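Structure file my_file-v6.csv (CSV, C-alpha atoms) follows.
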chain,number,residue,atom,x,y,z
A,1,MET,CA,59.1,95.7,142.5
A,2,SER,CA,62.2,94.7,144.5
A,3,ALA,CA,62.6,95.8,148.1
A,4,PRO,CA,64.7,99.0,148.7
A,5,VAL,CA,68.4,98.7,149.7
A,6,ARG,CA,68.7,99.6,153.4
A,7,LEU,CA,71.5,102.0,154.1
A,8,VAL,CA,72.8,103.1,157.5
A,9,MET,CA,74.6,106.5,157.3
A,10,ALA,CA,77.4,107.1,159.7
A,11,GLY,CA,79.2,110.4,160.4
A,12,TYR,CA,79.0,113.4,162.6
A,13,PHE,CA,75.4,114.0,161.7
A,14,GLY,CA,72.6,115.7,163.7
A,15,SER,CA,75.2,117.3,166.0
A,16,GLY,CA,74.8,120.9,165.1
A,17,ASN,CA,77.4,121.2,162.4
A,18,LEU,CA,76.0,122.5,159.1
A,19,GLY,CA,79.0,121.2,157.1
A,20,ASP,CA,78.5,117.6,158.2
A,21,ASP,CA,74.7,117.8,157.5
A,22,ALA,CA,75.6,119.2,154.0
A,23,ILE,CA,77.7,116.1,153.4
A,24,LEU,CA,74.8,113.8,154.3
A,25,LEU,CA,72.3,115.8,152.2
A,26,GLY,CA,74.6,116.1,149.2
A,27,PHE,CA,75.2,112.3,149.2
A,28,ILE,CA,71.5,111.4,149.5
A,29,HIS,CA,70.7,113.9,146.8
A,30,GLY,CA,73.3,112.2,144.6
A,31,LEU,CA,71.5,108.9,145.1
A,32,GLY,CA,68.7,110.3,143.0
A,33,ASN,CA,66.0,107.8,142.3
A,34,LEU,CA,67.9,104.7,143.5
A,35,PRO,CA,65.6,102.5,145.6
A,36,VAL,CA,67.1,103.1,149.1
A,37,GLU,CA,65.8,103.2,152.6
A,38,VAL,CA,68.0,105.5,154.7
A,39,THR,CA,68.7,105.3,158.5
A,40,VAL,CA,71.0,108.0,159.9
A,41,LEU,CA,73.1,107.6,163.1
A,42,SER,CA,72.4,111.0,164.5
A,43,GLY,CA,73.3,113.1,167.5
A,44,SER,CA,69.7,114.3,167.6
A,45,PRO,CA,67.4,111.8,165.9
A,46,GLU,CA,64.3,113.9,166.4
A,47,GLU,CA,65.9,116.9,164.9
A,48,THR,CA,67.3,115.0,161.9
A,49,TYR,CA,63.8,113.6,161.2
A,50,ARG,CA,62.1,116.9,161.6
A,51,LEU,CA,64.5,118.8,159.4
A,52,TYR,CA,65.2,116.2,156.7
A,53,GLY,CA,62.6,113.4,157.0
A,54,PHE,CA,65.2,110.7,157.5
A,55,ASN,CA,64.6,107.8,159.9
A,56,SER,CA,67.3,108.2,162.6
A,57,VAL,CA,68.7,106.5,165.7
A,58,PRO,CA,70.9,107.9,168.5
A,59,ARG,CA,74.5,107.5,167.4
A,60,LYS,CA,75.7,106.8,170.9
A,61,ASP,CA,73.0,104.2,171.8
A,62,VAL,CA,74.9,101.0,171.3
A,63,THR,CA,71.8,98.8,171.2
A,64,ALA,CA,69.9,101.0,168.7
A,65,VAL,CA,73.0,101.2,166.5
A,66,LYS,CA,73.5,97.4,166.6
A,67,ASN,CA,69.8,96.9,165.7
A,68,ALA,CA,70.0,99.4,162.8
A,69,ILE,CA,73.1,97.7,161.4
A,70,GLN,CA,71.6,94.2,161.8
A,71,ARG,CA,68.6,95.4,159.7
A,72,CYS,CA,70.6,97.1,157.0
A,73,ASP,CA,72.3,96.0,153.8
A,74,ALA,CA,75.3,98.3,154.0
A,75,LEU,CA,77.0,100.8,156.4
A,76,VAL,CA,77.8,104.0,154.5
A,77,TYR,CA,80.2,106.8,155.5
A,78,PRO,CA,79.3,109.5,153.0
A,79,GLY,CA,82.1,111.9,154.0
A,80,GLY,CA,83.7,114.2,156.6
A,81,SER,CA,86.9,114.4,158.6
A,82,ILE,CA,85.9,111.7,161.1
A,83,PHE,CA,89.0,109.6,161.0
A,84,GLN,CA,91.3,112.1,162.8
A,85,ASP,CA,92.8,112.3,166.3
A,86,VAL,CA,93.6,116.0,166.7
A,87,THR,CA,91.1,116.5,169.5
A,88,SER,CA,90.8,112.9,170.7
A,89,VAL,CA,91.5,109.4,169.4
A,90,LYS,CA,87.9,108.5,170.6
A,91,SER,CA,86.5,109.6,167.3
A,92,VAL,CA,88.6,107.1,165.4
A,93,LYS,CA,87.8,104.3,167.8
A,94,TYR,CA,84.0,105.0,167.5
A,95,TYR,CA,84.0,104.9,163.7
A,96,GLN,CA,86.4,101.9,163.6
A,97,ALA,CA,84.1,100.0,166.0
A,98,LEU,CA,81.1,100.6,163.7
A,99,VAL,CA,83.0,99.1,160.8
A,100,GLY,CA,83.8,96.0,162.9
A,101,MET,CA,80.2,95.7,164.0
A,102,ALA,CA,79.0,95.9,160.4
A,103,LYS,CA,81.5,93.3,159.1
A,104,ALA,CA,80.7,91.0,162.0
A,105,ALA,CA,77.1,91.1,160.9
A,106,GLY,CA,78.0,90.3,157.3
A,107,LYS,CA,77.2,93.8,156.0
A,108,LYS,CA,79.0,95.8,153.3
A,109,VAL,CA,80.9,98.9,154.3
A,110,PHE,CA,81.5,102.0,152.1
A,111,LEU,CA,84.0,104.7,153.2
A,112,LEU,CA,83.2,107.5,150.7
A,113,GLY,CA,84.2,111.1,150.2
A,114,GLN,CA,86.5,110.8,153.2
A,115,GLY,CA,88.9,113.5,154.4
A,116,VAL,CA,91.4,111.5,156.4
A,117,GLY,CA,93.6,113.0,159.1
A,118,PRO,CA,95.5,114.3,160.8
A,119,VAL,CA,96.1,110.9,162.4
A,120,LYS,CA,99.3,111.1,164.5
A,121,SER,CA,98.8,108.7,167.5
A,122,PHE,CA,99.8,105.0,167.4
A,123,PHE,CA,96.2,103.8,168.0
A,124,GLY,CA,94.7,106.4,165.7
A,125,LYS,CA,96.8,105.1,162.8
A,126,ARG,CA,96.2,101.5,163.7
A,127,TRP,CA,92.4,101.8,164.1
A,128,THR,CA,92.1,103.9,160.9
A,129,ALA,CA,94.1,101.4,158.9
A,130,ASP,CA,91.9,98.6,160.3
A,131,ALA,CA,88.7,100.3,159.4
A,132,TYR,CA,89.7,101.1,155.8
A,133,ASN,CA,91.2,97.7,155.2
A,134,LYS,CA,87.9,96.1,156.0
A,135,ALA,CA,85.9,98.4,153.7
A,136,ASP,CA,84.3,97.1,150.5
A,137,ALA,CA,85.0,100.4,148.7
A,138,ILE,CA,87.1,103.5,149.6
A,139,ALA,CA,86.9,107.0,148.1
A,140,VAL,CA,88.7,110.1,149.5
A,141,ARG,CA,88.1,113.7,148.8
A,142,ASP,CA,91.7,114.8,148.1
A,143,PRO,CA,95.0,113.3,147.2
A,144,GLY,CA,96.5,114.0,150.6
A,145,SER,CA,94.0,111.7,152.3
A,146,MET,CA,94.9,108.9,149.9
A,147,ALA,CA,98.6,109.4,150.6
A,148,LEU,CA,98.0,109.3,154.4
A,149,LEU,CA,96.0,106.0,154.1
A,150,LYS,CA,98.7,104.4,152.1
A,151,SER,CA,101.4,105.6,154.5
A,152,ILE,CA,99.6,103.8,157.5
A,153,GLY,CA,99.2,100.5,155.7
A,154,VAL,CA,95.9,100.6,153.9
A,155,THR,CA,96.2,98.1,151.0
A,156,LYS,CA,92.7,98.3,149.6
A,157,PRO,CA,92.1,100.2,146.3
A,158,ILE,CA,91.5,103.9,146.9
A,159,ARG,CA,89.9,106.3,144.5
A,160,VAL,CA,90.1,110.1,144.7
A,161,THR,CA,86.7,111.7,144.4
A,162,ALA,CA,85.5,115.0,146.1
A,163,ASP,CA,83.4,116.2,149.0
A,164,SER,CA,79.8,114.9,148.9
A,165,ALA,CA,78.5,118.3,150.0
A,166,LEU,CA,79.3,119.5,146.4
A,167,LEU,CA,76.3,117.5,145.3
A,168,LEU,CA,73.9,119.8,147.0
A,169,ASP,CA,71.7,121.9,144.7
A,170,ARG,CA,71.8,125.7,144.8
A,171,PRO,CA,68.4,126.5,146.5
A,172,ALA,CA,66.0,129.1,145.3
A,173,ASP,CA,66.9,132.5,146.9
A,174,SER,CA,64.0,133.8,148.9
A,175,GLY,CA,65.7,137.2,149.6
A,176,ASP,CA,65.8,140.4,147.7
A,177,GLY,CA,69.6,140.5,147.5
A,178,ASN,CA,70.0,143.3,149.9
A,179,ASP,CA,69.4,141.7,153.3
A,180,TYR,CA,72.9,142.5,154.7
A,181,ASN,CA,73.7,145.7,152.9
A,182,VAL,CA,73.8,148.9,154.9
A,183,GLY,CA,73.7,151.9,152.5
A,184,ASN,CA,76.4,151.1,150.0
A,185,MET,CA,78.3,148.7,152.2
A,186,LYS,CA,78.9,145.2,150.8
A,187,ALA,CA,78.3,142.2,153.0
A,188,VAL,CA,81.1,139.8,153.7
A,189,GLY,CA,80.4,136.5,155.4
A,190,VAL,CA,83.1,135.6,157.9
A,191,SER,CA,83.3,131.9,159.1
A,192,VAL,CA,85.3,131.4,162.3
A,193,ARG,CA,86.1,128.4,164.4
A,194,PRO,CA,88.1,127.8,167.6
A,195,TYR,CA,91.8,127.4,167.0
A,196,GLY,CA,94.9,127.4,169.2
A,197,LYS,CA,95.0,128.8,172.8
A,198,GLY,CA,93.7,131.9,174.4
A,199,LYS,CA,92.0,134.6,172.4
A,200,ASP,CA,94.1,134.6,169.3
A,201,VAL,CA,91.1,133.9,167.0
A,202,VAL,CA,89.0,136.5,168.8
A,203,ASN,CA,91.7,139.1,168.4
A,204,LEU,CA,92.4,138.3,164.8
A,205,PHE,CA,88.9,138.4,163.6
A,206,SER,CA,87.8,141.3,165.7
A,207,ASP,CA,90.7,143.3,164.1
A,208,LEU,CA,89.7,142.0,160.7
A,209,CYS,CA,86.1,143.1,161.2
A,210,LYS,CA,87.1,146.6,162.2
A,211,ARG,CA,89.2,146.9,159.0
A,212,LEU,CA,86.4,145.6,156.9
A,213,PHE,CA,84.1,148.2,158.4
A,214,ALA,CA,86.6,150.9,157.7
A,215,ALA,CA,86.8,149.7,154.0
A,216,ASN,CA,83.0,150.0,153.6
A,217,TYR,CA,82.3,146.3,154.0
A,218,MET,CA,79.7,144.8,156.4
A,219,PRO,CA,81.1,141.7,158.1
A,220,VAL,CA,78.6,139.0,159.0
A,221,LEU,CA,79.9,136.3,161.3
A,222,ILE,CA,78.8,132.8,160.3
A,223,GLU,CA,78.1,130.0,162.8
A,224,MET,CA,78.7,126.6,161.1
A,225,ASP,CA,78.9,124.6,164.4
A,226,ARG,CA,76.5,125.8,167.0
A,227,ASN,CA,78.4,124.2,169.9
A,228,GLU,CA,81.9,125.6,168.9
A,229,ASP,CA,81.3,128.7,166.8
A,230,GLY,CA,78.5,130.4,168.6
A,231,PRO,CA,80.4,131.3,171.8
A,232,LEU,CA,83.3,132.4,169.7
A,233,ILE,CA,81.1,134.7,167.6
A,234,LEU,CA,79.7,136.3,170.8
A,235,GLU,CA,83.3,136.9,172.1
A,236,ILE,CA,84.3,138.6,168.8
A,237,SER,CA,81.2,140.8,168.9
A,238,LYS,CA,81.9,141.7,172.5
A,239,SER,CA,85.5,142.5,171.7
A,240,SER,CA,84.2,144.8,168.9
A,241,GLY,CA,81.6,146.5,171.0
A,242,GLY,CA,78.7,144.2,170.1
A,243,LYS,CA,78.1,145.8,166.6
A,244,ILE,CA,78.8,142.8,164.3
A,245,PRO,CA,75.8,141.2,162.6
A,246,ASP,CA,75.8,137.4,162.6
A,247,LEU,CA,74.1,134.3,161.3
A,248,ARG,CA,73.5,132.0,164.2
A,249,LYS,CA,71.2,129.1,164.9
A,250,LEU,CA,70.5,128.3,161.3
A,251,GLN,CA,69.0,124.8,161.1
A,252,THR,CA,69.9,123.6,157.7
A,253,PRO,CA,72.7,124.0,155.1
A,254,MET,CA,70.1,125.3,152.6
A,255,GLN,CA,69.2,128.1,154.9
A,256,LEU,CA,72.8,129.2,154.9
A,257,GLN,CA,73.1,128.9,151.2
A,258,GLN,CA,70.1,131.2,150.8
A,259,ARG,CA,71.8,133.8,153.0
A,260,LEU,CA,75.2,133.4,151.3
A,261,CYS,CA,73.5,134.2,148.0
A,262,ARG,CA,72.9,137.7,149.3
A,263,MET,CA,76.5,138.4,150.2
A,264,ASP,CA,79.4,139.9,148.1
A,265,ALA,CA,82.2,137.7,149.5
A,266,VAL,CA,83.0,135.0,152.1
A,267,ILE,CA,86.1,134.6,154.3
A,268,ALA,CA,86.1,131.1,155.6
A,269,MET,CA,88.0,129.2,158.2
A,270,ARG,CA,85.5,126.3,158.1
A,271,LEU,CA,85.9,124.1,155.1
A,272,HIS,CA,82.2,123.8,154.4
A,273,ALA,CA,81.5,127.5,154.7
A,274,GLY,CA,83.8,127.6,151.7
A,275,VAL,CA,82.1,124.7,150.0
A,276,LEU,CA,78.6,126.2,150.5
A,277,ALA,CA,79.8,129.7,149.3
A,278,ALA,CA,81.2,128.1,146.2
A,279,SER,CA,77.9,126.2,145.7
A,280,VAL,CA,76.1,129.6,145.3
A,281,GLY,CA,78.8,131.1,143.1
A,282,ILE,CA,80.9,133.0,145.6
A,283,PRO,CA,84.7,132.3,145.4
A,284,PRO,CA,85.6,131.8,149.1
A,285,PHE,CA,88.7,133.3,150.6
A,286,MET,CA,89.9,130.4,152.7
A,287,VAL,CA,91.9,130.7,155.9
A,288,SER,CA,93.8,127.5,156.8
A,289,TYR,CA,93.8,126.0,160.2
A,290,ASP,CA,94.1,122.4,158.7
A,291,PRO,CA,95.5,120.8,155.6
A,292,LYS,CA,92.0,120.1,154.3
A,293,VAL,CA,91.3,123.8,154.0
A,294,THR,CA,94.5,124.4,152.1
A,295,ALA,CA,93.7,121.4,149.8
A,296,PHE,CA,90.2,122.8,149.0
A,297,ALA,CA,91.5,126.2,148.0
A,298,LYS,CA,94.0,124.5,145.7
A,299,LEU,CA,91.3,122.3,144.2
A,300,LEU,CA,89.3,125.4,143.3
A,301,ASP,CA,92.3,127.1,141.8
A,302,LEU,CA,91.9,129.9,144.3
A,303,ALA,CA,94.6,132.0,146.0
A,304,ALA,CA,96.6,130.0,148.5
A,305,ALA,CA,94.9,129.9,151.9
A,306,PRO,CA,97.0,131.7,154.4
A,307,PRO,CA,97.9,129.6,157.5
A,308,MET,CA,96.6,130.8,160.9
A,309,GLU,CA,100.1,130.7,162.4
A,310,GLY,CA,101.4,134.3,162.9
A,311,LEU,CA,98.5,135.8,160.9
A,312,THR,CA,97.4,139.3,161.9
A,313,GLY,CA,94.2,141.2,161.2
A,314,GLN,CA,96.1,143.6,158.9
A,315,ARG,CA,97.7,140.8,156.9
A,316,LEU,CA,94.4,138.9,156.6
A,317,PHE,CA,92.7,142.1,155.4
A,318,ASP,CA,95.3,142.9,152.9
A,319,LEU,CA,95.2,139.4,151.4
A,320,PHE,CA,91.4,139.5,151.2
A,321,MET,CA,91.5,142.8,149.4
A,322,ASP,CA,94.0,141.5,146.9
A,323,PHE,CA,91.8,138.4,146.5
A,324,GLN,CA,88.8,140.7,145.7
A,325,LYS,CA,90.7,142.5,143.0
A,326,SER,CA,90.8,139.3,141.1
A,327,ARG,CA,87.1,138.4,141.8
A,328,GLU,CA,86.0,137.9,138.2
A,329,ARG,CA,89.0,135.7,137.4
A,330,HIS,CA,88.4,133.7,140.5
A,331,GLU,CA,84.7,133.2,139.6
A,332,LYS,CA,85.6,131.9,136.1
A,333,LEU,CA,88.2,129.5,137.4
A,334,MET,CA,86.0,128.3,140.2
A,335,GLN,CA,83.0,127.6,138.0
A,336,LYS,CA,85.1,125.4,135.8
A,337,LYS,CA,86.7,123.6,138.7
A,338,LEU,CA,83.3,123.2,140.5
A,339,GLU,CA,81.9,121.3,137.5
A,340,GLU,CA,84.9,119.0,137.6
A,341,LEU,CA,84.6,118.5,141.4
A,342,ARG,CA,80.9,117.8,141.2
A,343,ALA,CA,81.6,115.1,138.6
A,344,GLN,CA,84.3,113.7,140.9
A,345,ALA,CA,81.9,113.8,143.9
A,346,GLU,CA,79.4,111.7,142.0
A,347,GLY,CA,82.1,109.0,142.2
A,348,ASN,CA,81.1,108.6,145.8
A,349,VAL,CA,77.6,107.6,144.7
A,350,LEU,CA,78.9,105.5,141.8
A,351,ALA,CA,81.1,103.4,144.2
A,352,LEU,CA,78.0,102.5,146.2
A,353,ARG,CA,75.8,102.0,143.1
A,354,ASP,CA,78.3,99.7,141.3
A,355,SER,CA,78.3,97.4,144.3
A,356,MET,CA,74.7,97.5,145.6
A,357,PHE,CA,72.9,98.2,142.3
A,358,PRO,CA,74.9,96.4,139.6
A,359,ALA,CA,72.0,96.2,137.2
A,360,VAL,CA,71.4,100.0,137.3
Have the structure of the file written as structure tokens, please.
Amino acid sequence: MSAPVRLVMAGYFGSGNLGDDAILLGFIHGLGNLPVEVTVLSGSPEETYRLYGFNSVPRKDVTAVKNAIQRCDALVYPGGSIFQDVTSVKSVKYYQALVGMAKAAGKKVFLLGQGVGPVKSFFGKRWTADAYNKADAIAVRDPGSMALLKSIGVTKPIRVTADSALLLDRPADSGDGNDYNVGNMKAVGVSVRPYGKGKDVVNLFSDLCKRLFAANYMPVLIEMDRNEDGPLILEISKSSGGKIPDLRKLQTPMQLQQRLCRMDAVIAMRLHAGVLAASVGIPPFMVSYDPKVTAFAKLLDLAAAPPMEGLTGQRLFDLFMDFQKSRERHEKLMQKKLEELRAQAEGNVLALRDSMFPAV
């Protein structure tokens, strides 16, 4: 029996973000029975090993990362919005440097299921183009990412696939279906994330939650990123008198999927709150803070995601209620689109398989 192919997985993994971990898990699930040995560059190697059983090394330990790359056959980026410079160009530099390190060591590099951008700075564009032009295969999760790469000078072939998190299975639901219901109130998951300045997000979603309560819905605030979303959820609850249930400190995407199964609806700022809701059959009502959220709603044939700019609690509530009136239609459209998107997401795995496992 031949030795397994050794893969180093790079991305924002093991850093308390359920969406990024869902990307990693979806991609590895998609690998199926291929003979691979996986090492994850993780923000918390011990946690990544404990939760998922993957060998991991600290993503910021240069020596450990170099050693892992020296031992591997390929460096794989299974997805995420890691090539963006909205918060800092340091993210772009880090991931570009890994590509350079791998190529210098004679390793193959696969940039798969990528959501690229926004990339606005000179160095952000330069480093992104450099990384992608060195890759052995490129796959992006939406047409906008492909257009951006071409606009900054990427000349390598680019295929459009879909988000690797879509390859996650729907887990067995361990609940009784009524965990978040109070009387005849229906539970609505509400995924929030920091955006803009001041308390705009706090005020917007606090107002939305009050209106949901009044309309006989039970809002449940969802923490996708424990470092960014947790404090925000506490502020929203405090602003509302501390009465809003929440889902915080969940450790795996599967735990969130199980809880989403028991909800009637999901309102999502976070892209992967929407992806995971869709994965359990709930059409997510997306709220756009970023083009990737708008693109996802469009890919699922759902109602256009309202942009955060100028949005009020009343307007958001009204749009959600209109969305719910067409729930059955959205479900049918979404299921058809999901099948197509999952097939496209398998293209991320095929790009790796065609190069590393040509005989399979």
Give me, as a tab-separated table, the closest atom pair and its distance (Å, one decimal) for every residue of segment 132-223 of chain A within a cut-off of 10 Å of segment 293-301 of chain A, counting only C-alpha atoms, rows sorted by chain and rising number.
residue	atom	partner	partner_atom	distance
A:Arg141	CA	A:Phe296	CA	9.3
A:Asp142	CA	A:Ala295	CA	7.1
A:Pro143	CA	A:Ala295	CA	8.6
A:Gly144	CA	A:Ala295	CA	8.0
A:Ala162	CA	A:Leu299	CA	9.5
A:Asp163	CA	A:Phe296	CA	9.5
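All residues of protein, DNA or RNA that reach within 9 Å of Ser56 of chain A, judged by all atoms listed in the file and not counting those fewer than 2 positions away in the chain, are Val38, Thr39, Val40, Leu41, Ser42, Ser44, Pro45, Glu46, Thr48, Tyr49, Gly53, Phe54, Pro58 and Arg59 of chain A.
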Pull the closest atom pair for each residue of segment 132-201 of chain A that gets at most 12 Å from segment 302-314 of chain A, along with the distance in Å to one decimal, counting all atoms listed in the file, ordering rows by chain and then ascending residue number, as a tab-separated table.
residue	atom	partner	partner_atom	distance
A:Val192	CA	A:Met308	CA	11.4
A:Arg193	CA	A:Met308	CA	11.3
A:Pro194	CA	A:Met308	CA	11.2
A:Tyr195	CA	A:Met308	CA	8.5
A:Gly196	CA	A:Met308	CA	9.1
A:Lys197	CA	A:Glu309	CA	11.7
A:Asp200	CA	A:Thr312	CA	9.4
A:Val201	CA	A:Met308	CA	8.8
Write a file of the just-selected residues containing C-alpha atoms, as a compact mmCIF listing (two decimals), in the frame of the given file.
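Okay, this is what ended up in result_36.txt:
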# COMPACT_ATOMS: atom_id res chain seq x y z
CA VAL A 192 85.30 131.40 162.30
CA ARG A 193 86.10 128.40 164.40
CA PRO A 194 88.10 127.80 167.60
CA TYR A 195 91.80 127.40 167.00
CA GLY A 196 94.90 127.40 169.20
CA LYS A 197 95.00 128.80 172.80
CA ASP A 200 94.10 134.60 169.30
CA VAL A 201 91.10 133.90 167.00
May I ask for the distance between atom CA of Ala277 of chain A and atom CA of Cys209 of chain A, given in Å to one decimal place? 19.0 Å
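For Ser151 of chain A, the non-local neighbours within 12 Å, defined as residues at least 2 positions apart in the same chain or in other chains and counting only C-alpha atoms, are Val116, Gly117, Val119, Lys120, Lys125, Arg126, Thr128, Ala129, Gly144, Ser145, Met146, Ala147, Leu148, Leu149, Gly153, Val154 and Thr155 of chain A.
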Separation of atom CA of Val188 of chain A and atom CA of Glu340 of chain A, in Å? 26.6 Å
Across A:Phe357, A:Tyr289, A:Phe110, A:Phe317, the smallest distance to Ile158 of chain A, with only C-alpha atoms counted, is shown by A:Phe110
List the spatial neighbours of Tyr52 of chain A as a list in words - criterion: any atom at most 9 Å away, all atoms listed in the file, same-chain residues fewer than 4 positions off excluded. Leu25, Glu47, Thr48 and Thr252 of chain A
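For segment 64-67 of chain A, the set of protein, DNA and RNA residues having any atom at most 9 Å away, when counting all atoms listed in the file and skipping those fewer than 4 positions along the same chain, is A:Leu41, A:Val57, A:Pro58, A:Arg59, A:Lys60, A:Arg71, A:Cys72, A:Leu98, A:Met101, A:Ala102.
Computed from the coordinates, the atom CA of Ser191 of chain A to atom CA of Met269 of chain A distance equals 5.5 Å.
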May I have the residues within 12 Å of Asp354 of chain A as a list in words, using all atoms listed in the file and disregarding those fewer than 6 positions away in the same chain? Leu34, Phe110, Asp136, Ala137, Gly347, Asn348 and Val360 of chain A
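Distances from A:Ile82, A:Ala68, A:Ala3, A:Ala345 to His29 of chain A were compared using all atoms listed in the file, and the smallest one belongs to A:Ala345.
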Could you check the closest approach to Tyr95 of chain A for each of A:Leu260, A:Ala131, A:Leu341, A:Leu112 and tell me which residue wins, using only C-alpha atoms? A:Ala131
Go through A:Val92, A:Val160, A:Val62, A:Leu51 and flag the residue nearest Ala343 of chain A, using all atoms listed in the file for the distances. A:Val160
List as a PDB file with C-alpha atoms, in the frame of the given file: which residues have an atom within 10 Å of (76.0, 141.6, 160.9), counting only C-alpha atoms?
ATOM      1  CA  TYR A 180      72.900 142.500 154.700  1.00  0.00           C
ATOM      2  CA  ASN A 181      73.700 145.700 152.900  1.00  0.00           C
ATOM      3  CA  VAL A 182      73.800 148.900 154.900  1.00  0.00           C
ATOM      4  CA  ALA A 187      78.300 142.200 153.000  1.00  0.00           C
ATOM      5  CA  VAL A 188      81.100 139.800 153.700  1.00  0.00           C
ATOM      6  CA  GLY A 189      80.400 136.500 155.400  1.00  0.00           C
ATOM      7  CA  VAL A 190      83.100 135.600 157.900  1.00  0.00           C
ATOM      8  CA  MET A 218      79.700 144.800 156.400  1.00  0.00           C
ATOM      9  CA  PRO A 219      81.100 141.700 158.100  1.00  0.00           C
ATOM     10  CA  VAL A 220      78.600 139.000 159.000  1.00  0.00           C
ATOM     11  CA  LEU A 221      79.900 136.300 161.300  1.00  0.00           C
ATOM     12  CA  ILE A 222      78.800 132.800 160.300  1.00  0.00           C
ATOM     13  CA  SER A 237      81.200 140.800 168.900  1.00  0.00           C
ATOM     14  CA  GLY A 242      78.700 144.200 170.100  1.00  0.00           C
ATOM     15  CA  LYS A 243      78.100 145.800 166.600  1.00  0.00           C
ATOM     16  CA  ILE A 244      78.800 142.800 164.300  1.00  0.00           C
ATOM     17  CA  PRO A 245      75.800 141.200 162.600  1.00  0.00           C
ATOM     18  CA  ASP A 246      75.800 137.400 162.600  1.00  0.00           C
ATOM     19  CA  LEU A 247      74.100 134.300 161.300  1.00  0.00           C
TER      20      LEU A 247
END
